[in-house]
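What follows is the content of structure-v1.tsv, which has TSV, C-alpha atoms and all ligand atoms:
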```tsv
chain	number	residue	atom	x	y	z
A	1	MET	CA	33.67	150.59	218.57
A	2	SER	CA	32.80	150.52	214.91
A	3	LYS	CA	34.19	149.81	211.50
A	4	GLY	CA	37.85	150.77	211.22
A	5	ARG	CA	38.53	154.03	209.42
A	6	ASP	CA	38.56	153.99	205.62
A	7	SER	CA	37.33	150.40	205.42
A	8	GLY	CA	34.53	150.97	202.92
A	9	MET	CA	34.47	148.87	199.76
A	10	PRO	CA	33.75	149.60	196.09
A	11	ALA	CA	31.68	147.24	193.94
A	12	VAL	CA	32.90	143.66	194.09
A	13	GLU	CA	34.00	143.52	190.43
A	14	GLN	CA	36.07	146.64	190.87
A	15	TRP	CA	37.62	145.42	194.14
A	16	GLU	CA	38.56	142.06	192.70
A	17	SER	CA	40.15	143.61	189.61
A	18	TYR	CA	42.96	144.89	191.80
A	19	PHE	CA	44.43	141.46	192.63
A	20	ASP	CA	45.46	138.14	191.26
A	21	ILE	CA	43.67	136.48	194.14
A	22	ALA	CA	45.10	132.97	193.80
A	23	ALA	CA	48.62	134.34	193.34
A	24	VAL	CA	48.31	136.43	196.52
A	25	LEU	CA	47.40	133.35	198.52
A	26	ASP	CA	50.03	131.18	196.83
A	27	SER	CA	52.92	133.59	197.10
A	28	LEU	CA	52.24	134.12	200.80
A	29	GLY	CA	52.09	130.34	201.27
A	30	CYS	CA	48.58	130.40	202.74
A	31	PRO	CA	47.24	127.13	201.29
A	32	GLU	CA	50.18	125.19	202.76
A	33	VAL	CA	49.46	126.25	206.34
A	34	THR	CA	47.65	123.61	208.34
A	35	GLY	CA	44.98	124.28	210.93
A	36	ASP	CA	42.20	126.81	211.30
A	37	VAL	CA	42.21	130.19	209.60
A	38	VAL	CA	40.97	133.48	211.07
A	39	GLU	CA	40.29	136.25	208.59
A	40	PHE	CA	40.11	139.75	210.02
A	41	GLY	CA	37.70	141.62	207.73
A	42	CYS	CA	36.59	139.21	205.02
A	43	GLY	CA	34.87	141.83	202.85
A	44	TYR	CA	33.26	140.14	199.86
A	45	GLY	CA	34.99	136.84	200.61
A	46	THR	CA	37.52	137.65	197.90
A	47	PHE	CA	40.21	135.60	199.61
A	48	THR	CA	37.97	133.52	201.89
A	49	ILE	CA	36.44	131.35	199.20
A	50	PRO	CA	39.60	130.47	197.23
A	51	LEU	CA	41.48	129.74	200.44
A	52	ALA	CA	38.69	127.58	201.87
A	53	ARG	CA	38.73	125.51	198.69
A	54	ARG	CA	42.38	124.74	199.27
A	55	THR	CA	42.66	124.17	203.00
A	56	ALA	CA	41.45	121.31	205.14
A	57	GLY	CA	41.12	123.68	208.09
A	58	ALA	CA	38.08	125.62	209.20
A	59	VAL	CA	37.99	129.21	207.96
A	60	PHE	CA	36.49	131.79	210.33
A	61	ALA	CA	35.68	134.86	208.27
A	62	LEU	CA	34.83	137.92	210.36
A	63	ASP	CA	33.41	141.25	209.34
A	64	ILE	CA	31.53	144.03	211.07
A	65	ASP	CA	29.55	144.93	207.96
A	66	ARG	CA	26.46	142.81	207.48
A	67	LEU	CA	26.48	143.33	203.72
A	68	MET	CA	29.98	141.87	203.57
A	69	VAL	CA	28.94	139.01	205.84
A	70	ALA	CA	25.95	138.30	203.60
A	71	ALA	CA	28.06	138.46	200.43
A	72	THR	CA	30.65	136.03	201.80
A	73	SER	CA	27.97	133.70	203.17
A	74	VAL	CA	26.19	133.53	199.80
A	75	ARG	CA	29.45	132.78	198.01
A	76	ALA	CA	30.37	130.09	200.53
A	77	SER	CA	27.05	128.34	200.13
A	78	GLN	CA	27.05	128.69	196.33
A	79	ALA	CA	30.49	127.11	196.32
A	80	GLY	CA	29.22	124.31	198.58
A	81	LEU	CA	32.00	124.97	201.06
A	82	LYS	CA	31.29	123.57	204.51
A	83	ASN	CA	34.51	124.72	206.15
A	84	ILE	CA	33.66	128.44	206.26
A	85	THR	CA	32.00	130.13	209.21
A	86	VAL	CA	31.11	133.74	208.49
A	87	GLU	CA	30.41	135.89	211.50
A	88	GLU	CA	29.24	139.47	211.88
A	89	ARG	CA	31.64	140.62	214.54
A	90	ASP	CA	33.54	143.71	215.60
A	91	PHE	CA	36.96	142.20	216.19
A	92	VAL	CA	38.31	145.50	217.50
A	93	ALA	CA	35.76	145.70	220.30
A	94	ARG	CA	35.28	141.96	220.91
A	95	GLY	CA	38.35	140.18	219.62
A	96	CYS	CA	38.13	137.41	217.06
A	97	GLY	CA	36.37	134.92	219.32
A	98	ARG	CA	38.79	132.09	218.57
A	99	GLY	CA	40.62	130.21	221.29
A	100	THR	CA	44.16	131.12	222.27
A	101	GLY	CA	46.62	129.17	220.14
A	102	SER	CA	43.82	127.65	218.05
A	103	ALA	CA	44.68	128.89	214.55
A	104	GLY	CA	47.39	128.12	212.04
A	105	LEU	CA	46.84	131.20	209.92
A	106	ALA	CA	45.54	134.74	210.40
A	107	LEU	CA	44.72	136.89	207.38
A	108	LEU	CA	45.13	140.64	207.80
A	109	PHE	CA	44.43	141.85	204.29
A	110	ASN	CA	43.90	145.57	203.67
A	111	ILE	CA	43.06	146.21	207.31
A	112	LEU	CA	46.19	147.45	209.12
A	113	HIS	CA	45.36	151.11	208.49
A	114	ILE	CA	42.79	150.92	211.29
A	115	GLU	CA	43.12	153.06	214.40
A	116	ASP	CA	45.01	150.54	216.57
A	117	PRO	CA	46.88	148.06	214.40
A	118	VAL	CA	49.12	146.81	217.22
A	119	SER	CA	46.13	145.66	219.27
A	120	LEU	CA	44.75	143.90	216.22
A	121	LEU	CA	48.07	142.17	215.61
A	122	LYS	CA	48.18	141.17	219.29
A	123	GLU	CA	44.74	139.63	218.93
A	124	ALA	CA	45.89	137.74	215.82
A	125	ARG	CA	48.95	136.55	217.73
A	126	ARG	CA	46.82	135.38	220.62
A	127	ALA	CA	44.69	133.25	218.32
A	128	LEU	CA	47.69	131.71	216.54
A	129	ARG	CA	49.43	128.57	217.65
A	130	PRO	CA	53.20	128.76	218.12
A	131	GLY	CA	54.67	128.76	214.61
A	132	GLY	CA	51.34	129.94	213.16
A	133	MET	CA	51.47	132.50	210.38
A	134	ALA	CA	50.02	135.99	210.06
A	135	ALA	CA	49.72	136.99	206.41
A	136	VAL	CA	49.45	140.71	205.62
A	137	ILE	CA	48.76	142.56	202.41
A	138	HIS	CA	48.17	146.25	201.88
A	139	TRP	CA	48.08	148.98	199.29
A	140	ASN	CA	51.41	150.32	198.09
A	141	TYR	CA	52.42	153.62	199.62
A	142	ASP	CA	51.97	155.44	196.34
A	143	VAL	CA	49.57	158.17	195.23
A	144	ARG	CA	49.08	156.39	191.89
A	145	THR	CA	47.17	153.43	193.36
A	146	PRO	CA	43.60	153.38	192.05
A	147	ARG	CA	42.25	153.16	195.61
A	148	GLY	CA	43.37	152.70	199.18
A	149	PRO	CA	43.37	154.70	202.40
A	150	PRO	CA	44.81	158.22	202.41
A	151	LEU	CA	48.59	158.17	202.50
A	152	ASP	CA	48.71	159.72	205.96
A	153	ILE	CA	47.13	156.57	207.42
A	154	ARG	CA	48.36	154.03	204.86
A	155	PRO	CA	51.08	151.89	206.44
A	156	ARG	CA	54.32	151.03	204.67
A	157	PRO	CA	55.75	147.52	204.99
A	158	GLU	CA	58.44	148.70	207.45
A	159	GLN	CA	55.72	150.15	209.65
A	160	CYS	CA	53.71	146.91	209.60
A	161	ARG	CA	56.80	144.91	210.42
A	162	ALA	CA	57.50	147.15	213.42
A	163	TRP	CA	53.88	146.87	214.56
A	164	GLY	CA	54.00	143.09	214.18
A	165	GLU	CA	57.19	142.88	216.22
A	166	GLN	CA	55.65	145.14	218.85
A	167	ALA	CA	52.75	142.68	219.00
A	168	GLY	CA	55.17	139.81	219.60
A	169	LEU	CA	55.25	138.37	216.09
A	170	ARG	CA	58.42	137.47	214.24
A	171	TRP	CA	58.98	138.95	210.78
A	172	VAL	CA	59.59	136.17	208.25
A	173	ARG	CA	59.68	137.94	204.88
A	174	ASP	CA	58.37	140.68	202.67
A	175	GLN	CA	56.58	139.23	199.68
A	176	ASP	CA	56.09	140.53	196.15
A	177	LEU	CA	52.62	139.75	194.87
A	178	PRO	CA	52.78	138.85	191.17
A	179	GLY	CA	49.73	140.05	189.27
A	180	SER	CA	48.73	142.49	192.04
A	181	PRO	CA	50.61	145.63	191.01
A	182	TRP	CA	49.11	147.85	193.70
A	183	HIS	CA	49.83	145.70	196.74
A	184	TRP	CA	52.68	144.34	198.86
A	185	GLY	CA	52.66	141.31	201.13
A	186	MET	CA	54.36	140.17	204.31
A	187	VAL	CA	54.62	137.00	206.36
A	188	LEU	CA	54.90	137.13	210.14
A	189	GLU	CA	55.01	134.22	212.55
A	190	LYS	CA	54.14	133.57	216.16
B	1	LIG	C1	39.21	147.19	202.92
B	1	LIG	S1	38.17	145.85	203.35
B	1	LIG	C2	39.20	144.43	203.00
B	1	LIG	C3	38.42	143.15	202.88
B	1	LIG	C4	39.28	141.89	202.61
B	1	LIG	N1	40.23	141.70	203.68
B	1	LIG	C5	39.97	141.99	201.29
B	1	LIG	O1	41.16	142.36	201.27
B	1	LIG	O2	39.34	141.71	200.25
B	1	LIG	C6	38.20	145.87	205.13
B	1	LIG	C7	37.06	145.06	205.77
B	1	LIG	O3	37.24	145.09	207.19
B	1	LIG	C8	35.97	145.25	207.79
B	1	LIG	N2	36.16	145.85	209.12
B	1	LIG	C9	36.60	147.09	209.38
B	1	LIG	N3	36.62	147.30	210.72
B	1	LIG	C10	36.17	146.16	211.31
B	1	LIG	C11	35.96	145.77	212.65
B	1	LIG	N4	36.20	146.61	213.67
B	1	LIG	N5	35.50	144.53	212.90
B	1	LIG	C12	35.25	143.67	211.86
B	1	LIG	N6	35.42	144.00	210.56
B	1	LIG	C13	35.88	145.23	210.29
B	1	LIG	C14	35.20	146.14	206.82
B	1	LIG	O4	33.80	146.02	207.00
B	1	LIG	C15	35.70	145.64	205.46
B	1	LIG	O5	34.87	144.65	204.91
```
Full structure transcribed into structure tokens:
Amino acid sequence: MSKGRDSGMPAVEQWESYFDIAAVLDSLGCPEVTGDVVEFGCGYGTFTIPLARRTAGAVFALDIDRLMVAATSVRASQAGLKNITVEERDFVARGCGRGTGSAGLALLFNILHIEDPVSLLKEARRALRPGGMAAVIHWNYDVRTPRGPPLDIRPRPEQCRAWGEQAGLRWVRDQDLPGSPWHWGMVLEK
């Protein structure tokens, strides 16, 4: 396998101008979740670093792109964070590498437009403990967004909910993301 379709990234400053990063994590309730975190596609570590600062759990940040892995690793070490493990890994081909039921939280941020989202959600579910949370964000289904996958592969919240349920997750809520005008959020649970 290889990188999921349309998963390329712009410059970090541009990417991070699209979100209120702390508010995304807060409104989804990520810092309150206990236990390990698995992040599917960490990119620049945009969400990895702020979350790792605010969780006692270990954060496993996975990405297939070695430039993204390097960027996240540098940020983690500059921040002096010891609870982040960054791994170059194709989670589509190889899974996330975490034990079944080992994680409290799975982050699926800007990734569910890949070719087989249900299999990815199943893998997230496998890694989660019962009651563990899968947090999802994605680009609004709107041509006016400054970036994002083409609309024909960009999932709407209803679609992601259906995929999550197909993967055996329970829908908890849709979540507005204050300060992130181009994105929506969702919480699912094992
Ligand atoms: C659009 S970026 C989002 C990054 C991050 N989640 C965020 O929202 O800031 C998607 C990331 O997923 C990674 N990715 C895509 N397919 C992957 C795969 N099969 N295995 C691991 N990482 C993958 C890409 O390299 C990219 O860094």
Next on the checklist: Neighbours of ligand LIG 1 (chain B) at 8 Å or closer, counting only C-alpha atoms and all ligand atoms: which residues, as a PyMOL selection string?
Outcome noted: chain A and resi 1-9+15-16+39-47+62-65+68+88-93+107-111+114+137+148
Next on the checklist: Would you compute the distance between atom CA of Ala106 of chain A and atom CA of Leu188 of chain A? Give it in Å to one decimal.
Outcome noted: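 Computing the Euclidean distance for atom CA of Ala106 of chain A and atom CA of Leu188 of chain A yields 9.7 Å.
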Item to check | Exercise: Gly132 of chain A partners within 12 Å, only C-alpha atoms, chain neighbours under 6 positions left out, as a VMD selection string | outcome: chain A and resid 29 to 30 32 to 38 100 to 107 124 to 126 169 to 170 172 187 to 190
Checklist entry - With all atoms listed in the file as the basis for distance, which of A:Pro31, A:Pro117, A:Pro149, A:Gly179 is at the shortest distance from Val59 of chain A? => result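 That would be A:Pro31, the residue with the smallest distance to Val59 of chain A.
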Next on the checklist: Rounded to one decimal, what separation in Å do you get between atom CA of Gly131 of chain A and atom CA of Trp184 of chain A?
Outcome noted: 22.2 Å
Item to check | For atom CA of Asn140 of chain A and atom CA of Val86 of chain A, the interatomic separation in Å (one decimal) | outcome: 28.2 Å
Quick one: everything within 10 Å of Pro178 of chain A, counting only C-alpha atoms, minus sequence neighbours fewer than 3 positions away in the same chain. Send it as an mmCIF file with C-alpha atoms, in the frame of the given file.
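Everything below was put into result.cif:
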```cif
data_model
loop_
_atom_site.group_PDB
_atom_site.id
_atom_site.type_symbol
_atom_site.label_atom_id
_atom_site.label_comp_id
_atom_site.auth_asym_id
_atom_site.auth_seq_id
_atom_site.Cartn_x
_atom_site.Cartn_y
_atom_site.Cartn_z
ATOM 1 C CA PHE A 19 44.430 141.460 192.630
ATOM 2 C CA ASP A 20 45.460 138.140 191.260
ATOM 3 C CA ILE A 21 43.670 136.480 194.140
ATOM 4 C CA ALA A 23 48.620 134.340 193.340
ATOM 5 C CA VAL A 24 48.310 136.430 196.520
ATOM 6 C CA ASP A 26 50.030 131.180 196.830
ATOM 7 C CA SER A 27 52.920 133.590 197.100
ATOM 8 C CA GLN A 175 56.580 139.230 199.680
ATOM 9 C CA PRO A 181 50.610 145.630 191.010
ATOM 10 C CA HIS A 183 49.830 145.700 196.740
ATOM 11 C CA TRP A 184 52.680 144.340 198.860
#
```
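In terms of minimum interatomic distance to Gly185 of chain A, A:Val136 ranks closest within A:Ala167, A:Val136, A:Ala76, A:Cys160, counting only C-alpha atoms.
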Next on the checklist: Could you check the closest approach to Leu128 of chain A for each of A:Arg98, A:Leu112, A:Thr145, A:Pro155 and tell me which residue wins, using all atoms listed in the file?
Outcome noted: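 Distance minimum relative to Leu128 of chain A lands on A:Arg98.
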Next on the checklist: Using all atoms listed in the file, can you tell me which of A:Thr55, A:Gly97, A:Leu67, A:Pro50 comes closest to Ala79 of chain A?
Outcome noted: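 Going through A:Thr55, A:Gly97, A:Leu67, A:Pro50 one by one, the smallest distance to Ala79 of chain A is for A:Pro50.
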